[in-house]
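J.: What follows is data-v6.cif, made up of mmCIF, C-alpha atoms:
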```cif
data_my_file
#
loop_
_atom_site.label_atom_id
_atom_site.label_comp_id
_atom_site.auth_asym_id
_atom_site.auth_seq_id
_atom_site.Cartn_x
_atom_site.Cartn_y
_atom_site.Cartn_z
CA MET A 1 2.09 -28.08 -11.49
CA SER A 2 4.16 -24.90 -11.65
CA ILE A 3 6.61 -22.96 -9.52
CA GLU A 4 6.06 -19.21 -9.49
CA PRO A 5 9.01 -16.86 -10.12
CA ILE A 6 8.43 -14.96 -6.87
CA THR A 7 11.18 -15.33 -4.26
CA GLY A 8 10.79 -14.46 -0.58
CA ARG A 9 13.46 -13.57 1.96
CA TYR A 10 13.94 -11.73 5.24
CA LEU A 11 15.77 -8.49 5.98
CA THR A 12 16.55 -7.15 9.46
CA ILE A 13 16.47 -3.37 9.76
CA GLN A 14 16.46 -0.85 12.59
CA VAL A 15 13.33 1.21 13.24
CA ASP A 16 13.05 3.51 16.25
CA GLY A 17 16.31 2.09 17.57
CA ALA A 18 15.12 -1.52 17.61
CA PRO A 19 15.42 -4.42 15.14
CA ARG A 20 12.59 -5.33 12.78
CA ARG A 21 12.67 -8.63 10.85
CA ILE A 22 10.97 -7.82 7.56
CA TYR A 23 9.67 -10.33 5.04
CA PHE A 24 9.91 -9.28 1.40
CA GLU A 25 9.22 -10.80 -1.99
CA GLU A 26 10.52 -9.91 -5.41
CA ALA A 27 10.22 -10.91 -9.03
CA GLY A 28 11.65 -9.62 -12.27
CA LYS A 29 14.63 -7.59 -13.39
CA GLY A 30 15.31 -4.07 -14.51
CA THR A 31 13.92 -0.87 -13.01
CA PRO A 32 13.07 -1.47 -9.33
CA VAL A 33 9.52 -0.78 -8.17
CA LEU A 34 8.93 -0.83 -4.42
CA CYS A 35 5.33 -1.92 -3.79
CA LEU A 36 3.39 -1.09 -0.61
CA HIS A 37 0.34 -3.01 0.60
CA THR A 38 -2.85 -1.55 2.03
CA ALA A 39 -3.82 -1.25 5.69
CA GLY A 40 -4.33 -4.59 7.42
CA ALA A 41 -2.96 -6.67 4.54
CA ASP A 42 0.40 -7.85 3.18
CA THR A 43 2.48 -8.50 0.06
CA ARG A 44 0.07 -11.14 -1.27
CA GLN A 45 -1.92 -8.27 -2.74
CA TRP A 46 0.82 -7.85 -5.38
CA ARG A 47 1.12 -11.50 -6.40
CA HIS A 48 -0.69 -11.17 -9.74
CA LEU A 49 1.58 -8.41 -11.00
CA MET A 50 4.66 -10.23 -9.71
CA ASN A 51 3.67 -13.21 -11.86
CA ASP A 52 3.12 -11.06 -14.96
CA THR A 53 6.13 -11.61 -17.21
CA GLU A 54 5.29 -8.68 -19.46
CA ILE A 55 5.89 -6.46 -16.44
CA THR A 56 8.70 -8.37 -14.75
CA ASP A 57 10.75 -8.61 -17.96
CA ALA A 58 11.40 -4.86 -17.58
CA TYR A 59 10.75 -4.18 -13.89
CA ARG A 60 11.96 -5.67 -10.63
CA LEU A 61 8.92 -5.67 -8.36
CA ILE A 62 9.71 -5.71 -4.64
CA ALA A 63 6.99 -5.92 -1.98
CA PHE A 64 7.39 -6.22 1.79
CA ASP A 65 5.21 -6.89 4.81
CA MET A 66 5.16 -4.01 7.26
CA PRO A 67 5.99 -5.00 10.87
CA LEU A 68 3.04 -6.89 12.45
CA HIS A 69 1.74 -7.74 8.96
CA GLY A 70 1.93 -11.02 7.05
CA LYS A 71 5.23 -12.76 7.76
CA SER A 72 6.90 -9.78 9.46
CA LEU A 73 6.69 -10.49 13.18
CA PRO A 74 5.88 -7.72 15.65
CA PRO A 75 8.76 -5.98 17.45
CA GLU A 76 9.80 -7.34 20.83
CA GLY A 77 7.48 -6.07 23.56
CA TYR A 78 4.56 -5.43 21.22
CA GLU A 79 2.20 -6.95 23.79
CA THR A 80 2.83 -4.03 26.16
CA GLU A 81 2.11 -1.27 23.63
CA GLU A 82 -0.81 -0.06 21.56
CA TYR A 83 -0.08 -0.33 17.84
CA LEU A 84 -0.75 2.99 16.10
CA LEU A 85 1.12 3.52 12.85
CA THR A 86 2.52 7.03 12.37
CA THR A 87 3.84 8.89 9.34
CA GLU A 88 7.27 9.12 10.96
CA ALA A 89 7.54 5.37 11.68
CA TYR A 90 6.18 4.46 8.24
CA ILE A 91 8.73 6.64 6.45
CA GLU A 92 11.57 5.37 8.63
CA THR A 93 10.62 1.77 7.82
CA ILE A 94 10.47 2.35 4.06
CA LEU A 95 13.79 4.19 3.91
CA ALA A 96 15.48 1.56 6.08
CA ILE A 97 14.28 -1.20 3.75
CA MET A 98 15.54 0.73 0.74
CA ASN A 99 18.94 1.11 2.39
CA GLY A 100 19.02 -2.56 3.35
CA LEU A 101 18.21 -3.66 -0.19
CA GLY A 102 20.52 -1.13 -1.82
CA LEU A 103 17.71 0.70 -3.62
CA ASP A 104 18.90 4.21 -4.42
CA THR A 105 16.02 5.72 -6.41
CA PRO A 106 13.28 3.16 -7.05
CA ILE A 107 9.80 3.88 -8.29
CA LEU A 108 7.39 3.77 -5.35
CA ALA A 109 3.96 2.21 -5.88
CA GLY A 110 1.64 2.20 -2.87
CA CYS A 111 -2.06 1.56 -2.40
CA SER A 112 -4.42 3.08 0.18
CA MET A 113 -2.23 3.84 3.20
CA GLY A 114 0.67 2.99 0.88
CA GLY A 115 -0.61 5.61 -1.55
CA ARG A 116 -0.91 8.17 1.24
CA ILE A 117 2.66 7.59 2.39
CA ALA A 118 3.83 7.74 -1.24
CA LEU A 119 2.51 11.29 -1.41
CA GLN A 120 4.13 12.12 1.94
CA LEU A 121 7.44 10.85 0.59
CA ALA A 122 6.95 12.83 -2.62
CA ALA A 123 6.76 15.94 -0.43
CA LEU A 124 9.38 15.09 2.19
CA HIS A 125 11.97 12.82 0.51
CA PRO A 126 11.58 13.15 -3.26
CA GLU A 127 15.31 12.77 -3.86
CA ARG A 128 15.17 9.13 -2.76
CA PHE A 129 12.76 8.08 -5.51
CA ALA A 130 12.48 8.16 -9.30
CA GLY A 131 8.71 8.66 -9.23
CA PHE A 132 5.51 7.87 -7.39
CA ILE A 133 2.47 5.79 -8.30
CA ALA A 134 -0.11 6.62 -5.64
CA ILE A 135 -3.06 4.21 -5.80
CA GLU A 136 -6.33 5.00 -4.01
CA ALA A 137 -4.55 8.00 -2.49
CA SER A 138 -5.77 11.37 -1.27
CA ASP A 139 -4.54 14.28 0.82
CA PHE A 140 -6.51 13.33 3.94
CA GLN A 141 -9.45 11.06 4.56
CA PRO A 142 -11.31 11.25 7.88
CA ALA A 143 -13.05 8.02 8.84
CA TRP A 144 -16.75 7.63 8.11
CA TYR A 145 -16.69 4.65 10.50
CA ASP A 146 -15.54 3.96 14.06
CA ILE A 147 -12.09 2.34 13.81
CA ASP A 148 -12.37 0.97 17.36
CA TRP A 149 -14.75 -1.68 16.00
CA PHE A 150 -11.71 -3.44 14.57
CA HIS A 151 -10.23 -4.19 18.00
CA ARG A 152 -12.87 -5.01 20.59
CA PRO A 153 -13.30 -7.96 22.96
CA ASP A 154 -16.87 -8.53 21.76
CA ALA A 155 -16.18 -8.53 17.99
CA HIS A 156 -13.90 -10.45 15.64
CA GLY A 157 -11.58 -7.73 14.37
CA GLY A 158 -10.63 -9.61 11.21
CA GLU A 159 -14.23 -10.22 10.19
CA MET A 160 -15.18 -6.64 11.03
CA GLY A 161 -12.31 -5.47 8.85
CA ALA A 162 -13.39 -7.73 6.02
CA ALA A 163 -16.91 -6.28 6.25
CA LEU A 164 -15.54 -2.75 5.73
CA VAL A 165 -13.28 -3.98 2.93
CA SER A 166 -16.17 -5.75 1.21
CA ALA A 167 -18.02 -2.45 0.83
CA ASN A 168 -14.99 -1.06 -1.03
CA ILE A 169 -14.60 -3.88 -3.56
CA SER A 170 -16.04 -3.39 -7.03
CA PRO A 171 -19.02 -5.53 -8.13
CA HIS A 172 -16.95 -6.26 -11.26
CA ALA A 173 -14.25 -8.00 -9.20
CA PRO A 174 -13.98 -11.75 -9.86
CA HIS A 175 -15.68 -13.76 -7.12
CA ALA A 176 -12.53 -15.71 -6.22
CA GLU A 177 -10.36 -12.60 -5.94
CA ARG A 178 -12.97 -10.80 -3.86
CA TRP A 179 -12.79 -13.61 -1.31
CA ASN A 180 -9.01 -13.95 -1.52
CA THR A 181 -8.80 -10.24 -0.70
CA LEU A 182 -11.21 -10.58 2.22
CA TRP A 183 -9.27 -13.57 3.55
CA MET A 184 -6.12 -11.44 3.95
CA PHE A 185 -8.00 -9.01 6.15
CA MET A 186 -9.63 -11.78 8.17
CA GLN A 187 -6.08 -13.01 8.93
CA SER A 188 -4.88 -9.63 10.18
CA GLY A 189 -3.40 -9.62 13.70
CA PRO A 190 -5.43 -8.20 16.60
CA GLY A 191 -5.49 -4.41 16.47
CA VAL A 192 -3.34 -4.18 13.33
CA PHE A 193 -6.05 -2.93 10.96
CA ARG A 194 -7.17 -0.42 13.60
CA GLY A 195 -3.58 0.79 14.06
CA ASP A 196 -3.14 1.23 10.30
CA LEU A 197 -6.45 3.07 10.00
CA SER A 198 -5.31 5.41 12.76
CA PHE A 199 -2.53 6.48 10.39
CA TYR A 200 -4.91 6.69 7.43
CA THR A 201 -7.67 8.67 9.16
CA ARG A 202 -6.02 10.54 12.03
CA ASP A 203 -2.33 11.10 11.35
CA GLU A 204 -0.63 13.91 9.45
CA SER A 205 -2.63 15.60 6.71
CA LEU A 206 -1.02 16.27 3.35
CA VAL A 207 -3.13 19.33 2.55
CA ALA A 208 -0.40 21.84 3.41
CA ARG A 209 2.37 19.82 1.73
CA LEU A 210 0.95 19.01 -1.69
CA GLY A 211 2.07 22.30 -3.24
CA GLN A 212 5.71 21.60 -2.45
CA ILE A 213 5.79 18.39 -4.52
CA ASP A 214 7.93 18.99 -7.62
CA THR A 215 6.67 16.68 -10.34
CA ALA A 216 9.26 18.04 -12.78
CA LYS A 217 11.88 16.13 -10.75
CA THR A 218 9.80 13.17 -9.56
CA PRO A 219 6.54 12.47 -11.42
CA VAL A 220 3.40 11.69 -9.45
CA HIS A 221 0.61 9.62 -10.98
CA ILE A 222 -2.56 8.93 -8.98
CA ILE A 223 -4.86 6.02 -9.79
CA VAL A 224 -8.28 5.58 -8.21
CA GLY A 225 -11.13 3.11 -8.55
CA ALA A 226 -14.62 4.29 -9.46
CA TYR A 227 -16.08 1.99 -6.77
CA ASP A 228 -13.86 3.24 -3.95
CA LEU A 229 -15.93 4.62 -1.05
CA THR A 230 -12.91 5.29 1.15
CA CYS A 231 -10.94 7.35 -1.36
CA THR A 232 -13.42 8.46 -3.99
CA PRO A 233 -12.51 9.68 -7.48
CA GLU A 234 -13.47 13.16 -6.25
CA ASP A 235 -10.98 12.85 -3.37
CA ALA A 236 -8.24 11.73 -5.74
CA LYS A 237 -8.99 14.53 -8.22
CA ARG A 238 -8.92 17.16 -5.47
CA THR A 239 -5.51 15.83 -4.45
CA ALA A 240 -4.12 15.64 -7.97
CA ASP A 241 -5.33 19.18 -8.72
CA ALA A 242 -3.34 20.45 -5.72
CA ILE A 243 -0.08 18.92 -7.02
CA PRO A 244 1.23 20.91 -9.99
CA GLY A 245 1.92 18.51 -12.84
CA ALA A 246 0.41 15.41 -11.23
CA THR A 247 -1.63 13.08 -13.45
CA LEU A 248 -4.75 11.10 -12.60
CA ALA A 249 -6.51 8.01 -13.94
CA VAL A 250 -9.91 6.66 -12.85
CA MET A 251 -10.48 2.90 -13.19
CA ASP A 252 -14.09 2.29 -14.14
CA GLU A 253 -14.46 -1.31 -12.86
CA VAL A 254 -12.27 -1.25 -9.75
CA GLY A 255 -12.60 -0.52 -6.02
CA HIS A 256 -10.11 0.25 -3.24
CA PHE A 257 -7.89 -2.86 -3.59
CA PRO A 258 -7.22 -3.00 -7.35
CA MET A 259 -4.12 -5.20 -7.59
CA SER A 260 -5.83 -7.82 -5.42
CA GLU A 261 -9.58 -7.60 -6.04
CA HIS A 262 -9.52 -7.12 -9.83
CA PRO A 263 -5.99 -7.66 -11.19
CA ALA A 264 -7.11 -7.79 -14.83
CA GLY A 265 -8.96 -4.49 -14.45
CA PHE A 266 -5.99 -2.88 -12.73
CA ARG A 267 -3.25 -4.21 -15.01
CA PRO A 268 -3.53 -1.74 -17.94
CA PHE A 269 -3.63 1.22 -15.56
CA PHE A 270 -0.53 0.01 -13.75
CA ILE A 271 1.34 -0.53 -17.02
CA ASP A 272 0.35 2.98 -18.11
CA ALA A 273 1.56 4.36 -14.76
CA LEU A 274 4.93 2.65 -15.16
CA ALA A 275 5.27 4.18 -18.61
CA LYS A 276 4.98 7.62 -17.01
CA MET A 277 7.93 6.94 -14.69
CA PRO A 278 11.66 7.35 -15.47
CA LYS A 279 13.39 4.21 -16.73
CA ASP A 280 16.76 4.85 -15.05
CA ALA A 281 15.75 4.13 -11.45
CA ALA A 282 18.19 2.10 -9.38
#
```
As structure tokens - that is how I would like this structure written.

T.:
Amino acid sequence: MSIEPITGRYLTIQVDGAPRRIYFEEAGKGTPVLCLHTAGADTRQWRHLMNDTEITDAYRLIAFDMPLHGKSLPPEGYETEEYLLTTEAYIETILAIMNGLGLDTPILAGCSMGGRIALQLAALHPERFAGFIAIEASDFQPAWYDIDWFHRPDAHGGEMGAALVSANISPHAPHAERWNTLWMFMQSGPGVFRGDLSFYTRDESLVARLGQIDTAKTPVHIIVGAYDLTCTPEDAKRTADAIPGATLAVMDEVGHFPMSEHPAGFRPFFIDALAKMPKDAA
């Protein structure tokens, strides 16, 4: 029997003029790293790294559930509105959480939609961060699937989401972690995965903004899995090439959900990414 070092609490912030009760977890001490989950999932994706003492001895990992995800309840009146995540709302949420937790310039590590918003923040609010680790991130990725399948009366949205996710998990991923990852998506609330994918596939493109990212002030490191169909290594390379000074690493045994599907395969790449970031973040 063992008790993990991860602690979970709630923080109430204001987004779009209304309160949001946000669940967050943290572990470790030292340089803060704000960790963002993928579309349709939650902070459980980061649990392996948050239990890794080699990392948490030097870094304070903080992960939170976006509204409507995991333990963060939807805003009041959600039943009367269609959930469609936007760049503006995503950025407002992240900055409000940073303010609420007193994080001045943390390292930002985000995966998938979290990686996309990391690059948006690198372009729009670089002064708020020490550096960016953008995982499975590209400038823009139109859907090669119909996102409406994830919220229909004649289909189980969670199982449809897990089917898409399954195609993006590496065959090298441990069996147990593959199914743990799929379980998170099968638990997603009705319409949540679709609303996140609307942001990922239809919202603001980064193509015109990449050139304004100044990596001399805030480094940008992109990590991508070789088995990622949604953000391919070619997509990530195209994006990194458009950001002067950005660096790129391709993980040969990993798919689109590295910290969850194949934590051992992801670990050395994440440690290398942290080493590329400033150590004086606060």

J.: Which residue out of A:Asn99, A:Asn51, A:Gln141, A:Thr43 has the minimum interatomic distance to A:Thr239 when all atoms listed in the file are used?

T.: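 Looking at the shortest contact to A:Thr239, the residue is A:Gln141.
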
J.: Hey, which of A:Lys276, A:Arg267, A:Arg194, A:Arg21 ends up closest to A:Gly40? Count all atoms listed in the file.

T.: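 Once distances to A:Gly40 are computed over all atoms listed in the file, the minimum belongs to A:Arg194.
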
J.: Within 8 Å of (6.3, -10.6, -10.4) (file coordinates; only C-alpha atoms), which protein or nucleic acid residues are there? I'd like them as JSON, numbers by chain.

T.: {"A": [5, 6, 26, 27, 28, 46, 47, 48, 49, 50, 51, 52, 53, 55, 56, 60, 61]}

J.: Would you kindly return, as a list in words, each protein, DNA or RNA residue with an atom no farther than 8 Å from any atom of A:Glu25, considering only C-alpha atoms and excluding same-chain residues fewer than 6 positions away?

T.: Ile6, Thr7, Gly8, Arg9, Thr43, Ile62, Ala63 and Phe64 of chain A

J.: Run the PyMOL selection byres ((chain A and resi 277) around 9) against the file shown and list the residues it catches, as a ChimeraX atom specification.

T.: /A:107,130-133,218-221,273-276,278-279,281

J.: Go ahead and write the selection's residues with C-alpha atoms as a tab-separated table (two decimals), in the coordinates of the input.

T.:
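Contents of out01.tsv, freshly written:
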```tsv
chain	number	residue	atom	x	y	z
A	107	ILE	CA	9.80	3.88	-8.29
A	130	ALA	CA	12.48	8.16	-9.30
A	131	GLY	CA	8.71	8.66	-9.23
A	132	PHE	CA	5.51	7.87	-7.39
A	133	ILE	CA	2.47	5.79	-8.30
A	218	THR	CA	9.80	13.17	-9.56
A	219	PRO	CA	6.54	12.47	-11.42
A	220	VAL	CA	3.40	11.69	-9.45
A	221	HIS	CA	0.61	9.62	-10.98
A	273	ALA	CA	1.56	4.36	-14.76
A	274	LEU	CA	4.93	2.65	-15.16
A	275	ALA	CA	5.27	4.18	-18.61
A	276	LYS	CA	4.98	7.62	-17.01
A	278	PRO	CA	11.66	7.35	-15.47
A	279	LYS	CA	13.39	4.21	-16.73
A	281	ALA	CA	15.75	4.13	-11.45
```

J.: For the PyMOL selection byres ((chain A and resi 253) around 8), applied here, can you spell out every residue it catches as a ChimeraX atom specification?

T.: /A:170-173,225-227,251-252,254-255,265

J.: Go ahead and save the picked residues with C-alpha atoms, as a compact mmCIF listing (two decimals), in the frame of the given file.

T.:
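That gives us result18.txt:
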```txt
# COMPACT_ATOMS: atom_id res chain seq x y z
CA SER A 170 -16.04 -3.39 -7.03
CA PRO A 171 -19.02 -5.53 -8.13
CA HIS A 172 -16.95 -6.26 -11.26
CA ALA A 173 -14.25 -8.00 -9.20
CA GLY A 225 -11.13 3.11 -8.55
CA ALA A 226 -14.62 4.29 -9.46
CA TYR A 227 -16.08 1.99 -6.77
CA MET A 251 -10.48 2.90 -13.19
CA ASP A 252 -14.09 2.29 -14.14
CA VAL A 254 -12.27 -1.25 -9.75
CA GLY A 255 -12.60 -0.52 -6.02
CA GLY A 265 -8.96 -4.49 -14.45
```
